[in-house]
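Content type TSV, C-alpha atoms and all ligand atoms, from the file my_file.tsv:
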```tsv
chain	number	residue	atom	x	y	z
S	1	MET	CA	-41.12	-2.18	81.38
S	2	LEU	CA	-38.47	-1.99	78.61
S	3	PHE	CA	-35.70	-1.59	81.14
S	4	THR	CA	-36.83	-4.06	83.78
S	5	ALA	CA	-35.28	-7.50	83.99
S	6	PHE	CA	-37.04	-10.47	82.45
S	7	SER	CA	-37.00	-13.62	84.48
S	8	ASN	CA	-38.68	-16.94	84.19
S	9	THR	CA	-37.57	-20.50	84.63
S	10	ARG	CA	-36.08	-20.60	81.13
S	11	LEU	CA	-34.48	-17.27	80.52
S	12	LYS	CA	-33.24	-14.31	82.56
S	13	THR	CA	-32.22	-11.06	80.88
S	14	LYS	CA	-31.20	-7.69	82.34
S	15	ASN	CA	-33.85	-5.86	80.28
S	16	ARG	CA	-36.58	-6.61	77.72
S	17	ILE	CA	-34.58	-5.36	74.74
S	18	ALA	CA	-32.99	-7.78	72.30
S	19	MET	CA	-30.67	-7.21	69.40
S	20	ALA	CA	-32.31	-8.86	66.40
S	21	PRO	CA	-30.32	-11.21	64.16
S	22	MET	CA	-28.70	-9.40	61.22
S	23	THR	CA	-26.40	-10.72	58.52
S	24	ARG	CA	-23.21	-8.62	58.35
S	25	SER	CA	-20.87	-10.98	56.41
S	26	ARG	CA	-17.63	-9.96	58.06
S	27	THR	CA	-15.98	-13.27	58.86
S	28	SER	CA	-12.32	-14.09	58.32
S	29	GLN	CA	-11.46	-16.01	55.16
S	30	PRO	CA	-10.91	-18.74	54.27
S	31	GLY	CA	-13.42	-20.76	56.25
S	32	ASP	CA	-16.01	-18.10	57.22
S	33	VAL	CA	-14.61	-17.82	60.76
S	34	PRO	CA	-15.95	-15.41	63.45
S	35	ASN	CA	-13.22	-12.96	64.49
S	36	GLU	CA	-12.11	-10.28	66.96
S	37	MET	CA	-13.82	-7.50	64.98
S	38	MET	CA	-17.14	-9.32	65.32
S	39	ALA	CA	-16.56	-9.66	69.06
S	40	VAL	CA	-16.06	-5.88	69.27
S	41	TYR	CA	-19.26	-5.26	67.26
S	42	TYR	CA	-21.36	-7.48	69.53
S	43	LYS	CA	-19.77	-6.18	72.73
S	44	GLN	CA	-20.63	-2.60	71.72
S	45	ARG	CA	-24.29	-3.71	71.45
S	46	ALA	CA	-24.47	-5.94	74.51
S	47	ASN	CA	-26.55	-3.30	76.32
S	48	ALA	CA	-29.39	-5.42	74.91
S	49	GLY	CA	-30.41	-7.96	77.53
S	50	LEU	CA	-30.35	-10.63	74.85
S	51	VAL	CA	-28.27	-10.63	71.70
S	52	VAL	CA	-29.35	-12.91	68.87
S	53	THR	CA	-26.47	-13.34	66.46
S	54	GLU	CA	-26.61	-13.13	62.73
S	55	GLY	CA	-27.64	-16.39	61.05
S	56	ALA	CA	-24.97	-19.05	61.30
S	57	PRO	CA	-25.11	-21.77	58.63
S	58	ILE	CA	-25.26	-25.20	60.24
S	59	SER	CA	-23.58	-26.87	57.26
S	60	ALA	CA	-21.98	-25.97	53.94
S	61	VAL	CA	-25.10	-26.92	52.00
S	62	GLY	CA	-27.21	-24.80	54.36
S	63	ARG	CA	-25.27	-21.68	53.39
S	64	GLY	CA	-26.92	-19.10	51.15
S	65	TYR	CA	-24.74	-16.04	51.66
S	66	SER	CA	-20.99	-15.80	51.31
S	67	MET	CA	-18.91	-14.83	54.33
S	68	THR	CA	-21.55	-15.54	56.96
S	69	PRO	CA	-20.15	-17.21	60.11
S	70	GLY	CA	-20.61	-20.98	60.25
S	71	ILE	CA	-21.10	-23.20	63.30
S	72	TYR	CA	-19.91	-26.49	61.82
S	73	THR	CA	-16.10	-26.51	62.17
S	74	GLN	CA	-13.75	-26.29	65.17
S	75	ALA	CA	-12.50	-22.94	63.83
S	76	HIS	CA	-16.09	-21.65	63.91
S	77	ILE	CA	-16.52	-22.81	67.51
S	78	ASP	CA	-13.24	-21.19	68.58
S	79	GLY	CA	-14.11	-17.95	66.75
S	80	TRP	CA	-17.56	-17.73	68.34
S	81	LYS	CA	-15.98	-18.11	71.80
S	82	LYS	CA	-14.58	-14.59	71.37
S	83	VAL	CA	-18.10	-13.31	70.72
S	84	THR	CA	-19.82	-15.12	73.59
S	85	THR	CA	-17.12	-14.05	76.06
S	86	ALA	CA	-17.42	-10.41	74.97
S	87	ILE	CA	-21.20	-10.43	75.41
S	88	HIS	CA	-21.13	-12.24	78.74
S	89	ASP	CA	-18.57	-9.71	80.03
S	90	GLU	CA	-21.34	-7.10	79.62
S	91	GLY	CA	-23.82	-9.16	81.63
S	92	SER	CA	-25.96	-10.05	78.62
S	93	LYS	CA	-27.20	-13.31	77.16
S	94	VAL	CA	-26.53	-14.53	73.64
S	95	PHE	CA	-28.34	-17.00	71.41
S	96	ILE	CA	-26.90	-18.04	68.07
S	97	GLN	CA	-29.27	-18.21	65.13
S	98	LEU	CA	-28.99	-21.61	63.44
S	99	TRP	CA	-29.60	-21.23	59.74
S	100	HIS	CA	-30.33	-23.46	56.77
S	101	VAL	CA	-31.37	-21.37	53.78
S	102	GLY	CA	-32.92	-24.23	51.81
S	103	ARG	CA	-33.53	-23.19	48.22
S	104	ARG	CA	-32.35	-19.60	48.67
S	105	SER	CA	-28.83	-20.38	47.49
S	106	HIS	CA	-26.60	-21.37	44.61
S	107	SER	CA	-23.99	-24.15	44.39
S	108	SER	CA	-21.28	-21.50	43.94
S	109	ILE	CA	-22.04	-20.60	47.60
S	110	SER	CA	-23.18	-23.89	49.11
S	111	GLY	CA	-20.91	-26.27	47.21
S	112	GLU	CA	-23.79	-28.46	46.06
S	113	GLN	CA	-27.28	-28.14	44.66
S	114	PRO	CA	-29.51	-26.31	47.18
S	115	LEU	CA	-32.07	-28.39	49.09
S	116	ALA	CA	-35.82	-27.81	49.22
S	117	PRO	CA	-39.07	-29.68	49.91
S	118	SER	CA	-39.78	-29.79	46.16
S	119	ALA	CA	-37.75	-28.95	43.05
S	120	ILE	CA	-39.36	-25.53	42.67
S	121	LYS	CA	-37.47	-22.31	42.10
S	122	VAL	CA	-38.91	-18.79	42.22
S	123	PRO	CA	-37.20	-15.57	41.05
S	124	ASP	CA	-34.82	-14.68	43.90
S	125	GLN	CA	-31.29	-13.42	44.48
S	126	VAL	CA	-28.66	-14.09	47.13
S	127	PHE	CA	-25.20	-12.70	48.00
S	128	GLY	CA	-22.44	-14.74	46.37
S	129	PRO	CA	-19.46	-14.80	44.02
S	130	LEU	CA	-19.99	-12.89	40.77
S	131	PRO	CA	-18.90	-14.51	37.48
S	132	GLU	CA	-16.72	-11.45	36.78
S	133	GLY	CA	-15.04	-11.68	40.21
S	134	GLY	CA	-15.88	-10.17	43.59
S	135	PHE	CA	-19.21	-10.59	45.37
S	136	GLY	CA	-22.72	-9.35	44.72
S	137	MET	CA	-26.29	-10.48	44.19
S	138	ILE	CA	-26.74	-13.60	42.06
S	139	GLU	CA	-29.83	-15.52	40.97
S	140	THR	CA	-30.64	-18.62	43.02
S	141	GLU	CA	-30.34	-22.10	41.52
S	142	GLN	CA	-32.97	-24.74	40.82
S	143	PRO	CA	-33.13	-26.76	44.09
S	144	LYS	CA	-33.24	-30.51	44.62
S	145	ALA	CA	-36.22	-32.10	46.40
S	146	MET	CA	-34.93	-33.51	49.69
S	147	SER	CA	-34.92	-37.27	50.20
S	148	GLN	CA	-35.75	-38.77	53.60
S	149	ARG	CA	-32.02	-39.22	54.02
S	150	ASP	CA	-31.42	-35.50	53.32
S	151	ILE	CA	-34.02	-34.67	55.97
S	152	ASP	CA	-32.47	-37.02	58.53
S	153	ASN	CA	-29.00	-35.63	57.80
S	154	THR	CA	-30.24	-32.07	58.16
S	155	ILE	CA	-31.82	-32.77	61.56
S	156	ALA	CA	-28.51	-34.34	62.61
S	157	ASP	CA	-26.67	-31.23	61.36
S	158	PHE	CA	-28.92	-28.99	63.49
S	159	VAL	CA	-28.28	-31.16	66.55
S	160	GLN	CA	-24.52	-31.08	65.96
S	161	ALA	CA	-24.61	-27.30	65.40
S	162	ALA	CA	-26.48	-26.88	68.71
S	163	LYS	CA	-23.82	-28.97	70.49
S	164	ASN	CA	-21.13	-26.84	68.85
S	165	ALA	CA	-22.94	-23.74	70.06
S	166	MET	CA	-22.91	-25.04	73.62
S	167	GLU	CA	-19.16	-25.65	73.32
S	168	ALA	CA	-18.74	-22.09	72.02
S	169	GLY	CA	-20.42	-20.71	75.17
S	170	PHE	CA	-23.83	-19.66	73.84
S	171	ASP	CA	-26.79	-19.44	76.23
S	172	GLY	CA	-28.97	-21.02	73.58
S	173	VAL	CA	-29.81	-21.44	69.92
S	174	GLU	CA	-32.53	-19.84	67.82
S	175	ILE	CA	-33.70	-22.04	64.95
S	176	HIS	CA	-34.41	-19.95	61.87
S	177	ALA	CA	-37.80	-21.02	60.51
S	178	ALA	CA	-38.67	-17.68	58.90
S	179	HIS	CA	-38.10	-15.69	55.69
S	180	GLY	CA	-38.54	-18.29	52.98
S	181	TYR	CA	-35.66	-20.43	54.19
S	182	LEU	CA	-35.76	-24.20	54.65
S	183	PHE	CA	-38.49	-24.73	57.28
S	184	ASP	CA	-40.68	-21.91	55.94
S	185	THR	CA	-40.66	-23.55	52.48
S	186	PHE	CA	-41.81	-26.83	54.02
S	187	MET	CA	-44.73	-25.08	55.73
S	188	ARG	CA	-46.11	-23.32	52.64
S	189	LEU	CA	-48.12	-24.87	49.79
S	190	GLU	CA	-46.38	-22.90	47.04
S	191	SER	CA	-43.00	-24.49	47.79
S	192	ASN	CA	-44.05	-27.84	49.27
S	193	GLN	CA	-45.68	-30.27	46.87
S	194	ARG	CA	-44.47	-33.44	48.54
S	195	ASP	CA	-46.66	-36.50	48.93
S	196	ASP	CA	-44.79	-38.11	51.83
S	197	GLN	CA	-45.06	-37.45	55.60
S	198	TYR	CA	-43.59	-33.94	55.13
S	199	GLY	CA	-46.14	-32.70	52.56
S	200	GLY	CA	-49.86	-32.48	51.92
S	201	SER	CA	-51.69	-31.94	55.20
S	202	GLN	CA	-50.90	-29.03	57.52
S	203	GLU	CA	-49.57	-31.45	60.14
S	204	ASN	CA	-47.23	-32.95	57.57
S	205	ARG	CA	-45.93	-29.57	56.43
S	206	MET	CA	-44.94	-28.49	59.96
S	207	ARG	CA	-43.39	-31.89	60.80
S	208	PHE	CA	-39.81	-31.14	59.71
S	209	MET	CA	-39.62	-27.98	61.87
S	210	LEU	CA	-41.21	-29.71	64.88
S	211	ASP	CA	-38.99	-32.80	64.57
S	212	THR	CA	-35.91	-30.59	64.38
S	213	LEU	CA	-36.94	-28.51	67.41
S	214	LYS	CA	-37.59	-31.66	69.39
S	215	ALA	CA	-34.29	-33.27	68.40
S	216	VAL	CA	-32.34	-30.14	69.34
S	217	ALA	CA	-34.30	-29.66	72.60
S	218	ASP	CA	-33.70	-33.31	73.54
S	219	GLU	CA	-29.97	-32.77	73.04
S	220	ILE	CA	-29.33	-29.43	74.79
S	221	GLY	CA	-32.56	-28.78	76.76
S	222	GLY	CA	-35.69	-26.95	75.64
S	223	ASP	CA	-34.81	-23.93	77.77
S	224	LYS	CA	-31.81	-23.34	75.48
S	225	VAL	CA	-33.82	-23.48	72.26
S	226	ALA	CA	-35.86	-20.81	70.50
S	227	VAL	CA	-37.51	-20.57	67.10
S	228	ARG	CA	-38.05	-17.65	64.72
S	229	VAL	CA	-41.03	-17.53	62.37
S	230	SER	CA	-42.52	-14.95	59.98
S	231	PRO	CA	-46.07	-16.00	59.07
S	232	HIS	CA	-46.93	-12.55	57.69
S	233	VAL	CA	-43.81	-12.10	55.60
S	234	THR	CA	-43.70	-13.33	51.98
S	235	GLU	CA	-39.91	-13.05	51.63
S	236	GLY	CA	-38.72	-15.79	49.26
S	237	PHE	CA	-42.18	-16.60	47.89
S	238	VAL	CA	-44.25	-15.35	44.99
S	239	ASP	CA	-47.57	-15.24	46.82
S	240	GLU	CA	-49.13	-15.17	50.23
S	241	ASP	CA	-50.13	-18.55	51.63
S	242	ALA	CA	-53.79	-18.98	52.50
S	243	GLU	CA	-53.05	-21.54	55.24
S	244	ILE	CA	-49.83	-20.34	56.83
S	245	ILE	CA	-51.47	-18.58	59.79
S	246	GLN	CA	-53.38	-21.71	60.72
S	247	VAL	CA	-50.32	-23.91	60.17
S	248	MET	CA	-48.29	-21.74	62.51
S	249	LEU	CA	-50.95	-21.42	65.22
S	250	THR	CA	-51.22	-25.22	65.30
S	251	ALA	CA	-47.43	-25.49	65.39
S	252	PHE	CA	-47.26	-23.09	68.38
S	253	GLU	CA	-49.71	-25.30	70.29
S	254	LYS	CA	-47.45	-28.27	69.64
S	255	ILE	CA	-44.31	-26.32	70.54
S	256	ALA	CA	-45.67	-24.98	73.85
S	257	PRO	CA	-45.01	-28.21	75.83
S	258	MET	CA	-41.37	-28.17	74.70
S	259	ASN	CA	-40.92	-25.17	77.05
S	260	LEU	CA	-38.61	-23.30	74.72
S	261	ALA	CA	-36.73	-20.16	75.76
S	262	TYR	CA	-38.82	-17.99	73.42
S	263	LEU	CA	-40.88	-17.87	70.24
S	264	HIS	CA	-39.66	-15.08	67.97
S	265	PHE	CA	-41.78	-13.26	65.37
S	266	SER	CA	-40.18	-11.34	62.52
S	267	GLU	CA	-42.45	-8.81	60.87
S	268	ASN	CA	-40.10	-6.79	58.66
S	269	ILE	CA	-37.56	-7.92	56.11
S	270	SER	CA	-37.91	-6.29	52.70
S	271	ARG	CA	-41.46	-5.29	53.51
S	272	HIS	CA	-43.07	-4.48	56.86
S	273	VAL	CA	-46.18	-6.53	57.61
S	274	GLU	CA	-47.36	-5.86	61.11
S	275	ALA	CA	-49.40	-8.63	62.70
S	276	SER	CA	-52.99	-7.82	63.58
S	277	GLU	CA	-54.11	-7.35	67.14
S	278	SER	CA	-56.36	-10.41	66.80
S	279	PHE	CA	-53.43	-12.54	65.61
S	280	ARG	CA	-51.39	-11.47	68.63
S	281	GLN	CA	-54.30	-12.43	70.88
S	282	GLN	CA	-54.69	-15.79	69.18
S	283	VAL	CA	-50.99	-16.49	69.65
S	284	ARG	CA	-51.20	-15.69	73.37
S	285	GLU	CA	-54.17	-18.03	73.75
S	286	VAL	CA	-52.23	-21.01	72.41
S	287	TYR	CA	-48.75	-20.00	73.55
S	288	PRO	CA	-48.20	-19.12	77.22
S	289	ASN	CA	-44.38	-19.09	77.11
S	290	PRO	CA	-42.00	-16.19	76.29
S	291	ILE	CA	-42.60	-14.33	73.02
S	292	MET	CA	-40.24	-11.96	71.23
S	293	VAL	CA	-41.35	-9.60	68.46
S	294	ALA	CA	-39.10	-7.84	65.93
S	295	GLY	CA	-39.95	-5.55	63.05
S	296	LYS	CA	-39.76	-1.79	62.72
S	297	LEU	CA	-40.48	-1.23	66.40
S	298	THR	CA	-39.99	2.12	68.08
S	299	LYS	CA	-39.54	2.70	71.79
S	300	ALA	CA	-43.27	3.48	71.98
S	301	THR	CA	-44.60	0.55	69.94
S	302	ALA	CA	-42.24	-1.84	71.72
S	303	GLN	CA	-43.47	-0.59	75.08
S	304	GLU	CA	-47.05	-1.07	73.93
S	305	LEU	CA	-46.43	-4.71	72.95
S	306	LEU	CA	-45.01	-5.36	76.41
S	307	ASP	CA	-47.85	-3.50	78.16
S	308	LYS	CA	-50.48	-5.50	76.29
S	309	ASN	CA	-48.66	-8.74	77.10
S	310	TYR	CA	-48.26	-9.56	73.41
S	311	ALA	CA	-44.50	-9.78	73.89
S	312	ASP	CA	-42.06	-10.45	76.73
S	313	LEU	CA	-39.02	-9.30	74.78
S	314	VAL	CA	-38.77	-6.77	71.95
S	315	ALA	CA	-36.05	-6.94	69.32
S	316	PHE	CA	-34.43	-4.14	67.30
S	317	GLY	CA	-32.48	-4.74	64.10
S	318	THR	CA	-31.38	-1.80	61.96
S	319	PRO	CA	-31.52	0.65	64.92
S	320	TYR	CA	-28.72	-1.45	66.44
S	321	VAL	CA	-26.58	-1.08	63.31
S	322	THR	CA	-26.26	2.68	63.71
S	323	ASN	CA	-26.92	3.06	67.47
S	324	PRO	CA	-24.62	0.72	69.36
S	325	ASP	CA	-25.81	2.27	72.65
S	326	LEU	CA	-29.49	1.85	71.82
S	327	VAL	CA	-30.64	1.06	75.36
S	328	GLU	CA	-29.00	4.20	76.77
S	329	ARG	CA	-30.52	6.31	74.00
S	330	PHE	CA	-33.97	4.92	74.78
S	331	LYS	CA	-33.46	5.47	78.51
S	332	HIS	CA	-32.57	9.13	78.09
S	333	ASN	CA	-34.76	9.80	75.04
S	334	TRP	CA	-31.65	10.74	73.08
S	335	PRO	CA	-32.05	10.97	69.29
S	336	LEU	CA	-31.33	7.90	67.17
S	337	THR	CA	-28.95	7.87	64.23
S	338	GLY	CA	-30.99	6.88	61.17
S	339	PHE	CA	-30.33	3.87	58.97
S	340	ASP	CA	-29.48	5.77	55.79
S	341	ALA	CA	-28.06	4.91	52.34
S	342	ASP	CA	-24.49	4.85	53.70
S	343	ALA	CA	-25.48	2.43	56.44
S	344	ARG	CA	-27.09	0.21	53.83
S	345	LEU	CA	-23.92	0.25	51.67
S	346	THR	CA	-21.78	-1.06	54.52
S	347	LEU	CA	-24.32	-3.61	55.80
S	348	TYR	CA	-22.78	-6.66	54.12
S	349	GLY	CA	-19.10	-7.40	53.94
S	350	GLY	CA	-16.13	-5.06	54.25
S	351	GLY	CA	-14.21	-4.00	57.33
S	352	GLU	CA	-14.61	-1.73	60.35
S	353	GLU	CA	-16.31	1.07	58.45
S	354	GLY	CA	-20.04	1.07	59.03
S	355	TYR	CA	-19.54	-1.82	61.46
S	356	ILE	CA	-17.72	-0.92	64.66
S	357	ASP	CA	-17.22	2.83	64.06
S	358	TYR	CA	-20.71	4.10	64.96
S	359	PRO	CA	-20.17	6.30	68.05
S	360	GLU	CA	-22.11	6.32	71.27
S	361	TYR	CA	-24.34	9.35	71.74
S	362	ARG	CA	-22.67	12.50	73.03
S	363	ALA	CA	-24.97	15.18	74.36
S	401	LIG	C1	-30.40	-10.57	54.73
S	401	LIG	O1	-29.19	-10.74	54.68
S	401	LIG	O2	-30.95	-9.63	54.15
S	401	LIG	C2	-31.20	-11.50	55.51
S	401	LIG	C3	-30.61	-12.61	56.05
S	401	LIG	C4	-31.37	-13.48	56.80
S	401	LIG	C5	-32.68	-13.22	57.02
S	401	LIG	C6	-33.27	-12.12	56.49
S	401	LIG	C7	-32.53	-11.25	55.73
S	401	LIG	O3	-33.40	-14.05	57.74
```
As structure tokens, how would this structure be written, given the file I've shared?
Amino acid sequence: MLFTAFSNTRLKTKNRIAMAPMTRSRTSQPGDVPNEMMAVYYKQRANAGLVVTEGAPISAVGRGYSMTPGIYTQAHIDGWKKVTTAIHDEGSKVFIQLWHVGRRSHSSISGEQPLAPSAIKVPDQVFGPLPEGGFGMIETEQPKAMSQRDIDNTIADFVQAAKNAMEAGFDGVEIHAAHGYLFDTFMRLESNQRDDQYGGSQENRMRFMLDTLKAVADEIGGDKVAVRVSPHVTEGFVDEDAEIIQVMLTAFEKIAPMNLAYLHFSENISRHVEASESFRQQVREVYPNPIMVAGKLTKATAQELLDKNYADLVAFGTPYVTNPDLVERFKHNWPLTGFDADARLTLYGGGEEGYIDYPEYRA
């Protein structure tokens, strides 16, 4: 089933394979602008039926990593047009991941104090300017608890970013609600100690994400909106959250009537936490619409998820870094190039090396 087209009223893709979103930090400076080299990188990988771009900050304050491509200036929109055209030329679809990192930032990257549900910082590092010059990992900054006005402004920023994405030629937007970033911190007790309508009860903690999804869907159409979550991942938190699974299952029930393009699960960032079979069944019971799963999948495990109807689309991240022709390699059972220490060194920042110079397989 991996290679058969996916088609429903919301989304049509030439196969079931997606390229997962991955930060590569190779924009043109100044201004964090998407460029021709990025278009080449994505075009090489547009054998995937659906490409999800690296996270694109929706605003300056939503930025947590230097040199990631924004979607909030005209230069960003014009730069992204090169990428969407290149992917469409290959007959594939492309969604842009809309990103607000919340507290996982520092004012030397975001320009102002990072925003969070509550003024709580945990030990954490992000990619930014080093005091001694150059870029590297720096400790995050104490965040500011968001006011109602901050929340309203952020929803408006997401809506504007989605409109910008439509202008740039994207087929849709994926709202990043995973990995300890803004919406994830609102959903978890450890980071959300608010006593207003966005904190306390489970319904209150999921409100900001749901309101944002609805506002964006109202603007560009639910079929052009997706959301990424990571209930099993503790990235950006100290502890696991005893209620997060229930919070998310309830959220999926509420999201289902919005008829989104897909619901995307991430199961592997710094640590792989595969969801249980019973969780996947519970999700299917409350969520009848398209589901995408990402996280350390192989051809075999991806196929199994499709066969069991736990996923409609399967996403691959690091395999796409080193195997631009991943779909062809799967089709012919050709060997994959591993994601080794060298690949890791050239993941963030730099030029063509380790970015657009991975060859296609030659028998
Ligand atoms: C990363 O750059 O390592 C990164 C970025 C965004 C994510 C996860 C990881 O959602």
Q. At what distance in Å, to one decimal, does atom CA of Tyr287 of chain S lie from atom CA of Asn259 of chain S?
A.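 Separating atom CA of Asn259 of chain S from atom CA of Tyr287 of chain S is a distance of 10.0 Å.
The smallest atom-to-atom distance between ligand LIG 401 (chain S) and any of S:Arg207, S:Lys144, S:Arg24, S:Lys81, using all atoms listed in the file, is found for S:Arg24.
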Q | Within 8 Å of ligand LIG 401 (chain S), counting all atoms listed in the file, residues as an MDAnalysis selection string | A | chainID S and resid 21:24 54:55 65 176 178:179 181 269:270 348
Q: Counting all atoms listed in the file, figure out which residue out of S:Met209, S:Met166, S:Leu2, S:Ile96 gets nearest to Ile17 of chain S.
A: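 For Ile17 of chain S, the nearest of the given residues is S:Leu2.
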**Q.** Protein/DNA/RNA residues near (-26.4, 15.1, 78.2), cut 9 Å, only C-alpha atoms, as a list in words
**A.**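 The distance filter leaves exactly His332, Trp334, Tyr361, Arg362 and Ala363 of chain S.
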Q | d(atom CA of Asp357 of chain S, atom CA of Val40 of chain S) in Å | A |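 Atom-to-atom, atom CA of Asp357 of chain S to atom CA of Val40 of chain S, that is 10.2 Å.
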Q.
One number please: atom CA of Leu249 of chain S to atom CA of Ser201 of chain S, in Å, one decimal.
A.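 For atom CA of Leu249 of chain S relative to atom CA of Ser201 of chain S, the distance reads 14.5 Å.
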(Q) If we count all atoms listed in the file and set the cut-off at 10 Å, which residues sit around Glu352 of chain S, ignoring sequence neighbours fewer than 4 positions away in its own chain? Please answer as an MDAnalysis selection string. (A) chainID S and resid 26 37:38 40:41 346 356:358
Q. Counting only C-alpha atoms, which of S:Gly136, S:Pro57, S:Gly172, S:Gly351 gets nearest to Leu11 of chain S?
A. S:Gly172
Tell me which protein, DNA and RNA residues are within 10 Å of Ala226 of chain S, counting only C-alpha atoms, leaving out same-chain ones fewer than 4 positions away, and put them as a tab-separated table (two decimals) with C-alpha atoms, keeping the file's coordinate frame.
```tsv
chain	number	residue	atom	x	y	z
S	95	PHE	CA	-28.34	-17.00	71.41
S	96	ILE	CA	-26.90	-18.04	68.07
S	97	GLN	CA	-29.27	-18.21	65.13
S	98	LEU	CA	-28.99	-21.61	63.44
S	172	GLY	CA	-28.97	-21.02	73.58
S	173	VAL	CA	-29.81	-21.44	69.92
S	174	GLU	CA	-32.53	-19.84	67.82
S	175	ILE	CA	-33.70	-22.04	64.95
S	176	HIS	CA	-34.41	-19.95	61.87
S	213	LEU	CA	-36.94	-28.51	67.41
S	217	ALA	CA	-34.30	-29.66	72.60
S	222	GLY	CA	-35.69	-26.95	75.64
S	259	ASN	CA	-40.92	-25.17	77.05
S	260	LEU	CA	-38.61	-23.30	74.72
S	261	ALA	CA	-36.73	-20.16	75.76
S	262	TYR	CA	-38.82	-17.99	73.42
S	263	LEU	CA	-40.88	-17.87	70.24
S	264	HIS	CA	-39.66	-15.08	67.97
S	290	PRO	CA	-42.00	-16.19	76.29
S	291	ILE	CA	-42.60	-14.33	73.02
S	292	MET	CA	-40.24	-11.96	71.23
```
Q: Compile the contact shell of Asp342 of chain S as a ChimeraX atom specification: residues with an atom at most 12 Å away, counting all atoms listed in the file, same-chain residues fewer than 3 positions apart removed.
A: /S:321-322,337-339,345-348,353-355,358
Q) Between S:Ala18, S:Val94, S:Ile220, S:Met258, which has the minimum distance to Asn289 of chain S (counting all atoms listed in the file)? A)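 Among S:Ala18, S:Val94, S:Ile220, S:Met258, it is S:Met258 that comes nearest to Asn289 of chain S.
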